[in-house]
$ cat start-v8.cif   # mmCIF, C-alpha atoms
data_data
#
loop_
_atom_site.label_atom_id
_atom_site.label_comp_id
_atom_site.auth_asym_id
_atom_site.auth_seq_id
_atom_site.Cartn_x
_atom_site.Cartn_y
_atom_site.Cartn_z
CA MET A 221 249.65 -82.12 -166.38
CA THR A 222 249.41 -81.58 -163.08
CA THR A 223 248.79 -78.35 -161.69
CA PRO A 224 250.60 -77.20 -158.73
CA LEU A 225 247.34 -77.55 -157.03
CA ASP A 226 246.87 -81.19 -157.99
CA PRO A 227 245.07 -82.76 -155.22
CA GLY A 228 246.60 -86.09 -156.05
CA LEU A 229 249.73 -85.20 -154.29
CA GLY A 230 247.83 -84.66 -151.24
CA LEU A 231 249.44 -81.34 -150.74
CA SER A 232 246.93 -79.21 -152.51
CA GLN A 233 244.35 -79.71 -149.86
CA PRO A 234 243.76 -76.66 -147.88
CA GLU A 235 245.95 -76.72 -144.86
CA PRO A 236 244.13 -76.97 -141.63
CA GLU A 237 244.06 -73.83 -139.54
CA PRO A 238 247.19 -73.87 -137.49
CA GLU A 239 246.30 -74.30 -133.90
CA PRO A 240 247.23 -71.36 -131.82
CA GLU A 241 250.52 -71.68 -130.00
CA PRO A 242 249.80 -72.72 -126.49
CA GLN A 243 250.53 -69.81 -124.26
CA PRO A 244 252.91 -70.68 -121.48
CA GLU A 245 250.59 -70.89 -118.49
CA ALA A 246 251.55 -69.43 -115.22
CA SER A 247 252.27 -72.12 -112.69
CA PRO A 248 248.98 -72.77 -110.93
CA SER A 249 250.63 -72.65 -107.54
CA VAL A 250 252.36 -69.24 -107.91
CA GLN A 251 249.27 -67.09 -108.11
CA PRO A 252 247.79 -67.91 -104.65
CA ARG A 253 251.21 -68.10 -103.08
CA ARG A 254 252.06 -64.45 -103.61
CA PRO A 255 249.50 -62.97 -101.18
CA ARG A 256 250.49 -65.56 -98.63
CA ARG A 257 254.12 -64.57 -98.91
CA VAL A 258 253.22 -60.92 -98.57
CA LEU A 259 251.21 -61.80 -95.51
CA PHE A 260 254.16 -63.67 -94.01
CA ILE A 261 256.53 -60.83 -94.69
CA ALA A 262 254.05 -58.39 -93.16
CA LEU A 263 253.70 -60.60 -90.11
CA ILE A 264 257.44 -60.95 -89.72
CA THR A 265 257.90 -57.20 -90.03
CA LEU A 266 255.12 -56.61 -87.54
CA GLY A 267 256.68 -59.14 -85.19
CA ALA A 268 260.07 -57.46 -85.42
CA VAL A 269 258.51 -54.06 -84.77
CA LEU A 270 256.59 -55.37 -81.78
CA ILE A 271 259.67 -57.06 -80.35
CA VAL A 272 261.64 -53.84 -80.55
CA ALA A 273 258.75 -51.80 -79.18
CA GLY A 274 258.16 -54.20 -76.31
CA LEU A 275 261.82 -54.33 -75.38
CA ALA A 276 262.02 -50.56 -75.52
CA ALA A 277 258.98 -50.27 -73.25
CA LEU A 278 260.42 -52.84 -70.88
CA GLY A 279 263.75 -51.03 -70.77
CA GLN A 280 262.00 -47.76 -70.11
CA GLU A 281 259.94 -49.27 -67.27
CA LEU A 282 263.01 -50.79 -65.66
CA THR A 283 265.17 -47.69 -65.88
CA ARG A 284 262.70 -44.84 -65.46
CA SER A 285 262.85 -42.53 -62.48
CA ALA A 286 260.06 -42.23 -59.93
CA THR A 287 256.95 -40.29 -60.81
CA PRO A 288 255.94 -37.53 -58.38
CA ALA A 289 252.98 -39.65 -57.24
CA GLU A 290 255.25 -42.62 -56.51
CA ALA A 291 257.71 -40.42 -54.62
CA ALA A 292 254.88 -38.89 -52.57
CA ALA A 293 253.50 -42.34 -51.75
CA ALA A 294 256.95 -43.52 -50.68
CA LEU A 295 257.30 -40.48 -48.46
CA GLN A 296 253.97 -41.24 -46.82
CA ARG A 297 255.09 -44.81 -46.19
CA GLU A 298 258.41 -43.62 -44.78
CA ILE A 299 256.72 -41.21 -42.38
CA ALA A 300 254.15 -43.84 -41.38
CA THR A 301 256.92 -46.30 -40.45
CA ARG A 302 259.38 -43.80 -39.01
CA TRP A 303 258.32 -44.62 -35.45
CA GLU A 304 259.82 -48.08 -36.05
CA ARG A 305 262.91 -46.79 -37.86
CA LEU A 306 264.01 -44.28 -35.26
CA PRO A 307 265.48 -45.32 -31.94
CA ALA A 308 263.44 -44.35 -28.88
CA GLY A 309 265.96 -41.66 -28.00
CA LYS A 310 265.39 -39.87 -31.31
CA ILE A 311 261.62 -39.89 -30.90
CA PHE A 312 261.91 -38.81 -27.26
CA PRO A 313 265.16 -36.84 -27.01
CA ALA A 314 266.81 -36.09 -23.68
CA THR A 315 265.85 -32.43 -23.91
CA VAL A 316 263.10 -30.58 -25.75
CA ASN A 317 262.81 -26.83 -26.20
CA TYR A 318 259.40 -25.39 -25.47
CA SER A 319 257.80 -22.01 -24.87
CA ASP A 320 256.02 -21.36 -21.60
CA SER A 321 252.76 -19.46 -21.30
CA GLU A 322 254.67 -16.18 -21.43
CA GLY A 323 256.52 -17.11 -24.59
CA THR A 324 259.87 -17.73 -22.92
CA THR A 325 261.87 -20.55 -24.48
CA LEU A 326 262.82 -23.17 -21.92
CA VAL A 327 264.19 -26.69 -21.91
CA ALA A 328 262.22 -29.74 -20.79
CA ARG A 329 264.10 -32.83 -19.67
CA LEU A 330 263.27 -36.43 -20.26
CA VAL A 331 262.41 -38.51 -17.18
CA GLY A 332 261.83 -41.81 -18.90
CA ILE A 333 260.51 -43.66 -21.94
CA ALA A 334 257.74 -46.20 -21.44
CA PRO A 335 257.47 -49.45 -23.39
CA PRO A 336 254.97 -49.24 -26.25
CA ALA A 337 251.39 -49.82 -25.14
CA SER A 338 248.15 -50.69 -26.85
CA CYS A 339 245.88 -47.79 -27.56
CA ARG A 340 243.23 -49.18 -25.23
CA ALA A 341 245.72 -49.54 -22.38
CA ALA A 342 247.32 -46.11 -22.80
CA LEU A 343 244.12 -44.09 -23.07
CA GLU A 344 241.13 -43.41 -20.87
CA PRO A 345 237.93 -44.87 -22.35
CA ALA A 346 236.74 -41.40 -23.35
CA SER A 347 239.80 -40.70 -25.43
CA TYR A 348 240.04 -44.25 -26.72
CA THR A 349 236.89 -43.50 -28.68
CA LEU A 350 238.94 -40.90 -30.58
CA VAL A 351 241.22 -43.51 -32.06
CA ARG A 352 238.97 -46.57 -32.11
CA GLY A 353 238.23 -47.47 -35.72
CA ARG A 354 241.03 -45.27 -36.97
CA GLY A 355 243.66 -47.98 -37.18
CA CYS A 356 245.50 -47.14 -33.97
CA VAL A 357 248.55 -49.41 -33.97
CA THR A 358 250.23 -48.45 -30.70
CA ILE A 359 251.00 -45.56 -28.40
CA LEU A 360 254.55 -44.56 -27.52
CA ARG A 361 254.90 -42.59 -24.31
CA ALA A 362 257.51 -40.70 -22.33
CA THR A 363 257.45 -38.34 -19.37
CA TYR A 364 259.22 -34.98 -19.26
CA VAL A 365 259.65 -32.36 -16.57
CA ASP A 366 259.84 -28.64 -17.18
CA ALA A 367 262.89 -26.47 -16.69
CA SER A 368 262.11 -25.91 -13.00
CA GLY A 369 261.24 -29.51 -12.28
CA ALA A 370 257.81 -28.41 -11.01
CA LEU A 371 255.71 -29.54 -13.94
CA ALA A 372 255.55 -32.97 -15.49
CA SER A 373 253.95 -34.15 -18.68
CA THR A 374 253.47 -37.56 -20.16
CA VAL A 375 253.43 -37.25 -23.92
CA GLY A 376 252.11 -39.96 -26.19
CA VAL A 377 252.39 -40.64 -29.89
CA ALA A 378 249.45 -42.63 -31.21
CA VAL A 379 250.30 -44.30 -34.52
CA LEU A 380 247.20 -44.17 -36.70
CA LYS A 381 246.49 -45.52 -40.16
CA SER A 382 246.52 -42.22 -42.04
CA PRO A 383 246.99 -38.47 -41.67
CA ALA A 384 243.25 -38.01 -42.15
CA ALA A 385 242.52 -40.37 -39.26
CA ALA A 386 244.95 -38.45 -37.02
CA ALA A 387 243.43 -35.11 -37.97
CA GLN A 388 239.90 -36.40 -37.27
CA ALA A 389 240.92 -37.79 -33.89
CA ALA A 390 242.63 -34.52 -32.92
CA SER A 391 239.62 -32.46 -33.96
CA ILE A 392 237.35 -34.21 -31.46
CA ALA A 393 239.86 -34.38 -28.59
CA GLY A 394 239.33 -30.77 -27.48
CA PRO A 395 236.27 -31.08 -25.22
CA LEU A 396 237.71 -33.91 -23.14
CA GLY A 397 238.46 -33.18 -19.45
CA PRO A 398 241.97 -33.21 -17.91
CA GLY A 399 241.51 -36.76 -16.67
CA ASP A 400 239.98 -38.16 -19.86
CA GLY A 401 243.08 -38.33 -22.02
CA LEU A 402 246.35 -40.16 -21.85
CA HIS A 403 247.31 -42.18 -18.78
CA ALA A 404 250.30 -40.64 -17.01
CA VAL A 405 253.45 -42.75 -16.88
CA THR A 406 255.17 -42.65 -13.52
CA PHE A 407 258.85 -43.45 -13.13
CA ASP A 408 259.77 -44.42 -9.61
CA GLY A 409 262.91 -42.96 -8.15
CA THR A 410 262.72 -39.81 -10.23
CA ILE A 411 261.50 -36.31 -9.52
CA ALA A 412 258.28 -37.21 -11.31
CA SER A 413 257.56 -40.23 -9.13
CA GLN A 414 254.54 -38.47 -7.61
CA PHE A 415 253.09 -37.59 -10.98
CA GLY A 416 250.37 -40.09 -11.81
CA ASP A 417 246.83 -40.22 -13.12
CA ALA A 418 245.49 -38.45 -10.02
CA ALA A 419 247.76 -35.46 -10.71
CA ARG A 420 246.63 -34.81 -14.26
CA GLY A 421 245.50 -31.20 -14.61
CA ALA A 422 245.41 -30.73 -18.39
CA GLN A 423 245.37 -32.76 -21.56
CA GLY A 424 245.42 -32.15 -25.28
CA ALA A 425 246.10 -33.64 -28.68
CA VAL A 426 247.27 -32.54 -32.09
CA GLY A 427 247.44 -34.56 -35.30
CA THR A 428 250.46 -34.37 -37.56
CA GLY A 429 250.97 -36.86 -40.35
CA PRO A 430 249.58 -40.24 -39.33
CA TYR A 431 250.45 -39.50 -35.70
CA LEU A 432 248.26 -38.16 -32.93
CA PHE A 433 250.47 -36.33 -30.41
CA LEU A 434 248.85 -36.39 -26.98
CA TYR A 435 249.88 -35.01 -23.63
CA THR A 436 248.67 -35.02 -20.09
CA ALA A 437 250.31 -32.62 -17.64
CA GLY A 438 250.40 -31.94 -13.91
CA PHE A 439 252.74 -31.18 -11.05
CA THR A 440 255.66 -33.35 -10.09
CA ASP A 441 254.78 -33.15 -6.40
CA GLY A 442 251.53 -34.98 -7.04
CA LEU A 443 249.25 -31.97 -6.59
CA PRO A 444 245.79 -33.38 -7.30
CA GLY A 445 244.50 -32.77 -10.78
CA THR A 446 241.56 -30.71 -9.54
CA ALA A 447 243.95 -28.22 -7.97
CA ALA A 448 246.46 -28.48 -10.79
CA ALA A 449 243.75 -27.59 -13.28
CA ALA A 450 243.88 -24.05 -11.88
CA GLN A 451 247.22 -23.76 -13.63
CA GLU A 452 245.78 -25.15 -16.83
CA GLU A 453 247.27 -22.45 -19.03
CA GLN A 454 250.77 -23.23 -17.78
CA LEU A 455 250.23 -26.96 -18.06
CA ASN A 456 248.83 -26.70 -21.57
CA ALA A 457 251.72 -24.53 -22.70
CA PHE A 458 254.15 -27.08 -21.31
CA GLY A 459 252.38 -30.12 -22.80
CA ASN A 460 251.76 -28.48 -26.16
CA GLY A 461 255.33 -27.24 -26.25
CA ILE A 462 256.76 -30.72 -25.80
CA ASP A 463 254.38 -32.20 -28.36
CA SER A 464 255.46 -29.55 -30.86
CA GLY A 465 259.10 -30.31 -30.13
CA LEU A 466 258.56 -34.02 -30.80
CA GLN A 467 256.71 -33.63 -34.09
CA ALA A 468 259.74 -32.74 -36.16
CA ALA A 469 261.53 -36.05 -35.60
CA LEU A 470 258.54 -38.06 -36.81
CA THR A 471 257.12 -35.90 -39.56
CA ASP A 472 259.75 -33.51 -40.96
CA HIS A 473 261.00 -34.40 -44.41
CA GLY A 474 262.86 -33.15 -47.41
CA LYS A 475 262.60 -34.33 -51.00
CA PRO A 476 261.70 -38.03 -50.94
CA CYS A 477 264.59 -39.11 -53.15
CA ASN A 478 267.10 -37.29 -50.95
CA MET A 479 266.01 -39.11 -47.81
CA LYS A 480 268.08 -41.81 -46.20
CA ASP A 481 265.38 -44.46 -46.04
CA ILE A 482 263.92 -43.93 -49.49
CA LYS A 483 265.51 -45.44 -52.57
CA CYS A 484 264.45 -43.89 -55.84
CA MET B 221 279.50 -11.95 1.40
CA THR B 222 280.13 -11.97 -2.31
CA ASN B 223 278.69 -13.80 -5.30
CA THR B 224 275.52 -14.85 -3.46
CA VAL B 225 273.37 -13.28 -6.19
CA SER B 226 273.97 -14.08 -9.79
CA ARG B 227 272.54 -11.64 -12.31
CA SER B 228 272.41 -14.45 -14.84
CA VAL B 229 270.02 -16.35 -12.62
CA GLY B 230 268.08 -13.48 -11.19
CA PHE B 231 264.83 -13.63 -9.32
CA GLY B 232 261.41 -14.15 -10.87
CA GLU B 233 260.54 -11.12 -12.91
CA VAL B 234 264.17 -10.18 -13.45
CA ASN B 235 265.14 -13.34 -15.30
CA ALA B 236 262.37 -15.88 -15.03
CA ALA B 237 263.82 -18.29 -17.55
CA GLY B 238 267.23 -18.25 -15.88
CA ALA B 239 265.67 -18.76 -12.46
CA LEU B 240 263.65 -21.75 -13.68
CA THR B 241 266.61 -23.36 -15.39
CA ALA B 242 268.83 -22.90 -12.36
CA ALA B 243 266.12 -24.32 -10.11
CA GLY B 244 265.82 -27.32 -12.34
CA GLN B 245 269.56 -27.91 -12.24
CA LEU B 246 269.54 -27.69 -8.46
CA VAL B 247 266.84 -30.32 -8.31
CA GLN B 248 268.78 -32.68 -10.58
CA PRO B 249 265.64 -34.57 -11.52
CA VAL B 250 267.07 -36.98 -14.00
CA ALA B 251 270.31 -38.82 -13.58
CA GLY B 252 269.63 -40.78 -16.74
CA ALA B 253 266.42 -41.47 -18.56
CA ALA B 254 264.45 -44.30 -17.01
CA GLY B 255 262.44 -47.01 -18.76
CA GLN B 256 263.28 -47.93 -22.33
CA PRO B 257 266.90 -47.39 -23.38
CA ALA B 258 267.36 -44.54 -25.83
CA ALA B 259 268.88 -46.88 -28.39
CA ALA B 260 265.94 -49.30 -28.35
CA HIS B 261 263.51 -49.43 -31.25
CA PHE B 262 259.75 -49.63 -31.05
CA GLY B 263 257.68 -52.01 -33.17
CA ARG B 264 259.55 -54.30 -35.50
CA GLY B 265 262.75 -52.39 -34.99
CA ARG B 266 264.85 -51.57 -38.01
CA VAL B 267 262.82 -51.55 -41.18
CA GLY B 268 264.41 -51.70 -44.62
CA PRO B 269 264.45 -48.74 -46.97
CA ILE B 270 261.43 -47.95 -49.08
CA VAL B 271 261.88 -48.50 -52.80
CA VAL B 272 260.10 -45.73 -54.64
CA VAL B 273 259.82 -47.37 -58.06
CA PRO B 274 258.36 -50.74 -57.22
CA ARG B 275 258.35 -51.77 -60.90
CA ASP B 276 254.69 -52.64 -60.72
CA THR B 277 253.86 -56.06 -62.09
CA ALA B 278 251.42 -54.82 -64.71
CA GLY B 279 253.96 -52.33 -65.94
CA ILE B 280 256.48 -55.09 -66.52
CA VAL B 281 254.29 -58.03 -67.58
CA ALA B 282 252.49 -56.10 -70.33
CA PRO B 283 255.59 -54.86 -72.15
CA ALA B 284 257.26 -58.23 -71.62
CA ALA B 285 254.28 -60.17 -72.99
CA VAL B 286 254.20 -58.18 -76.22
CA PRO B 287 257.73 -59.05 -77.38
CA LEU B 288 257.25 -62.61 -76.17
CA ALA B 289 254.11 -63.03 -78.24
CA ALA B 290 255.79 -61.29 -81.13
CA LEU B 291 258.79 -63.56 -80.84
CA ILE B 292 256.59 -66.65 -80.90
CA GLY B 293 254.73 -65.30 -83.90
CA PHE B 294 258.00 -64.40 -85.58
CA LEU B 295 259.39 -67.91 -85.08
CA ALA B 296 256.16 -69.56 -86.20
CA ALA B 297 256.02 -67.42 -89.32
CA SER B 298 259.67 -68.06 -90.09
CA VAL B 299 259.29 -71.83 -89.71
CA THR B 300 256.18 -71.86 -91.88
CA LEU B 301 257.88 -69.76 -94.52
CA VAL B 302 260.98 -71.96 -94.64
CA ALA B 303 258.92 -75.17 -94.67
CA GLY B 304 256.78 -73.82 -97.51
CA ALA B 305 259.84 -72.88 -99.54
CA ARG B 306 261.33 -76.36 -99.10
CA ARG B 307 258.08 -78.04 -100.15
CA ARG B 308 257.96 -75.99 -103.32
CA ARG B 309 261.57 -76.82 -104.13
CA ARG B 310 260.94 -80.57 -103.81
CA ARG B 311 257.81 -80.56 -106.03
CA PRO B 312 258.60 -81.74 -109.69
CA VAL B 313 258.53 -78.88 -112.21
CA VAL B 314 256.17 -79.25 -115.19
CA THR B 315 258.21 -78.37 -118.34
CA ALA B 316 256.02 -79.26 -121.35
CA SER B 317 252.39 -78.85 -122.14
CA PRO B 318 250.54 -81.94 -123.45
CA GLN B 319 249.20 -79.76 -126.33
CA THR B 320 252.61 -79.32 -127.97
CA GLY B 321 252.66 -82.18 -130.46
CA GLY B 322 254.70 -83.01 -133.64
CA LEU B 323 253.74 -84.40 -137.07
CA ASP B 324 252.37 -87.55 -135.44
CA ASP B 325 249.36 -85.58 -134.50
CA TYR B 326 248.35 -85.24 -138.09
CA PRO B 327 246.36 -88.01 -139.80
CA ALA B 328 248.38 -90.26 -142.03
#
$ encode --input "start-v8.cif" --output "C-alpha cells"
Amino acid sequence: MTTPLDPGLGLSQPEPEPEPEPQPEASPSVQPRRPRRVLFIALITLGAVLIVAGLAALGQELTRSATPAEAAAALQREIATRWERLPAGKIFPATVNYSDSEGTTLVARLVGIAPPASCRAALEPASYTLVRGRGCVTILRATYVDASGALASTVGVAVLKSPAAAAQAASIAGPLGPGDGLHAVTFDGTIASQFGDAARGAQGAVGTGPYLFLYTAGFTDGLPGTAAAAQEEQLNAFGNGIDSGLQAALTDHGKPCNMKDIKC
Amino acid sequence: MTNTVSRSVGFGEVNAAGALTAAGQLVQPVAGAAGQPAAAHFGRGRVGPIVVVPRDTAGIVAPAAVPLAALIGFLAASVTLVAGARRRRRRPVVTASPQTGGLDDYPA
C-alpha cells in the first residue's frame, strides 16, 4: 500500500519553498529622469516669464513719457542752443523797450548787428578774465541808440557753458571800470558812427541762464568816456534796460514739452 | 502861427518821454539795421529739435538682453527636452525579467 505520502512517486517530497514572485521593477531610467523633467519644465516656465517680462519692460521704455529730470535737461539744452536756433533779428530785435533812470518807459532802436566774435576779441583783457575758463563759446553783439538818439550802447551776449558759469562771471564783473568791459561796435554811416571804445562811459553785466548779458554805453556824438562817465546813471539805466529787454528771447520758456524745439 | 507846439510832444519836464521819442524820430538814426541781416543765424544755424526721451542705451539693452537670453534658454531647453524624449522612445523596452522561469527550472 502506498500511502498518499509515498515518496516513491516523487511527489511526497516536501515542496520547495515557492520563490517569491518577482516584483515588477521600476524602469531604472525613469527614477532619475523625473527631476530632470521637472527642472526642464521649470526652466521653460522661467524662460517664458522672463521673455514676457523683458518685452513688457522694453515696451514700457520705448513708449514711456519723459521724466521731469529728462524734461528739465532738455529745456536746459534748448536754452543753451537757442542762440543758434533764433535768427539774429529775434535775438536783437529792431526795437527794445527800456526804462530810463527816472523810470519812464522808452524805446531803443537797433543800429546794427555785428558778426559773432570770439570772447577774447570782443572783450577787454580785464573782462576776458571773467569768462576765461568758463566755456565761453562766442559773443554776439549789437548796438542800439536810445529814444532821443543821444545815447548808444553796444550789448553783448556771451554764450557760456552753464548757468552757474554765467552767474559767477556776472558776480565779479561789477568792479570793472567803464573801459574794461565789452568793446563797442561802431557802424559807419549811422547816428552811432562816433560811438567807439573811446566813448564808453559805463559798462555792466548780468547772467541769465548760460548767457552773460554785457553792455557798454556812451554818447552817440563820441563824447569821451571820461566825460560820459558823469552821466553814468543814465548810461547804466540805458544799457541795463536793453540787456533786460534781450533776456526774454534767449531764456524765457514754458513747459518743456509744449515748446517748439523740444520733442517729448 | 498855429500848431507849432504839440502837447503830445511837450518840452522836457512836461512830457520828457514824448520829447525824447520825437527827437529820436527827427534824427532818423537808423534807416535799416546795419551789419548782419536780421534773418541770419549765428553759430551752426538751424539746429534740430531736442528729443527729450533719448531712450538711453542701458535702458533698452538691459530689457532687450533679458528676453533674448530667455529665448535662447527656452529654445535650448526645448531642443534638449525633445531630443531626450526621442531617445527614450527609440530605446528597446525590457518586458520580462530573467527570474520568471517555467518547469524547466526544476531538477528532473
$ atom_distance --input "start-v8.cif" --atom1 "CA of Ala468 (chain A)" --atom2 "CA of Pro335 (chain A)"
21.2 Å
$ closest_atom_pairs --input "start-v8.cif" --of "chain A" --to "chain B" --cutoff "7 Å" --atoms "only C-alpha atoms" --output "Markdown table"
| residue | atom | partner | partner_atom | distance |
| --- | --- | --- | --- | --- |
| A:Phe260 | CA | B:Ala297 | CA | 6.3 |
| A:Ile264 | CA | B:Phe294 | CA | 5.4 |
| A:Gly267 | CA | B:Ala290 | CA | 4.7 |
| A:Leu270 | CA | B:Pro287 | CA | 5.8 |
| A:Ile271 | CA | B:Pro287 | CA | 4.1 |
| A:Gly274 | CA | B:Pro283 | CA | 4.9 |
| A:Leu275 | CA | B:Pro287 | CA | 6.6 |
| A:Ala277 | CA | B:Pro283 | CA | 5.8 |
| A:Leu278 | CA | B:Pro283 | CA | 5.4 |
| A:Glu281 | CA | B:Ile280 | CA | 6.8 |
| A:Leu282 | CA | B:Arg275 | CA | 6.7 |
| A:Ala286 | CA | B:Val273 | CA | 5.5 |
| A:Glu290 | CA | B:Val272 | CA | 6.1 |
| A:Ala291 | CA | B:Val272 | CA | 5.8 |
| A:Ala294 | CA | B:Val272 | CA | 5.5 |
| A:Glu298 | CA | B:Ile270 | CA | 6.8 |
| A:Trp303 | CA | B:Phe262 | CA | 6.8 |
| A:Glu304 | CA | B:Phe262 | CA | 5.2 |
| A:Arg305 | CA | B:Arg266 | CA | 5.2 |
| A:Leu306 | CA | B:His261 | CA | 6.5 |
| A:Pro307 | CA | B:His261 | CA | 4.6 |
| A:Ala308 | CA | B:Ala258 | CA | 5.0 |
| A:Gly309 | CA | B:Ala258 | CA | 3.9 |
| A:Thr324 | CA | B:Ala237 | CA | 6.7 |
| A:Leu326 | CA | B:Ala237 | CA | 6.6 |
| A:Leu330 | CA | B:Ala253 | CA | 6.2 |
| A:Val331 | CA | B:Ala253 | CA | 5.2 |
| A:Gly332 | CA | B:Ala254 | CA | 4.1 |
| A:Ile333 | CA | B:Gly255 | CA | 5.0 |
| A:Ala334 | CA | B:Gly255 | CA | 5.5 |
| A:Pro335 | CA | B:Gln256 | CA | 6.1 |
| A:Pro336 | CA | B:Phe262 | CA | 6.8 |
| A:Ala367 | CA | B:Thr241 | CA | 5.0 |
| A:Ser368 | CA | B:Gly244 | CA | 4.0 |
| A:Gly369 | CA | B:Gly244 | CA | 5.1 |
| A:Phe407 | CA | B:Ala254 | CA | 6.9 |
| A:Thr410 | CA | B:Pro249 | CA | 6.1 |
| A:Ile411 | CA | B:Pro249 | CA | 4.9 |
| A:Asp481 | CA | B:Pro269 | CA | 4.5 |
| A:Ile482 | CA | B:Ile270 | CA | 4.7 |
| A:Lys483 | CA | B:Val271 | CA | 4.8 |
| A:Cys484 | CA | B:Val272 | CA | 4.9 |
$ resolve_selection --input "start-v8.cif" --expression "the PyMOL selection byres ((chain A and resi 457) around 9)" --output "PyMOL selection string"
chain A and resi 318-322+452-456+458-462
$ resolve_selection --input "start-v8.cif" --expression "the PyMOL selection byres ((chain A and resi 387) around 9)" --output "NGL selection string"
:A and (382-386 or 388-392 or 426-432)
$ atom_distance --input "start-v8.cif" --atom1 "CA of Asp472 (chain A)" --atom2 "CA of Ala292 (chain A)"
13.7 Å
$ resolve_selection --input "start-v8.cif" --expression "the PyMOL selection byres ((chain A and resi 359) around 9)" --output "JSON, numbers by chain"
{"A": [336, 337, 338, 339, 341, 342, 343, 356, 357, 358, 360, 361, 376, 377, 378, 379]}
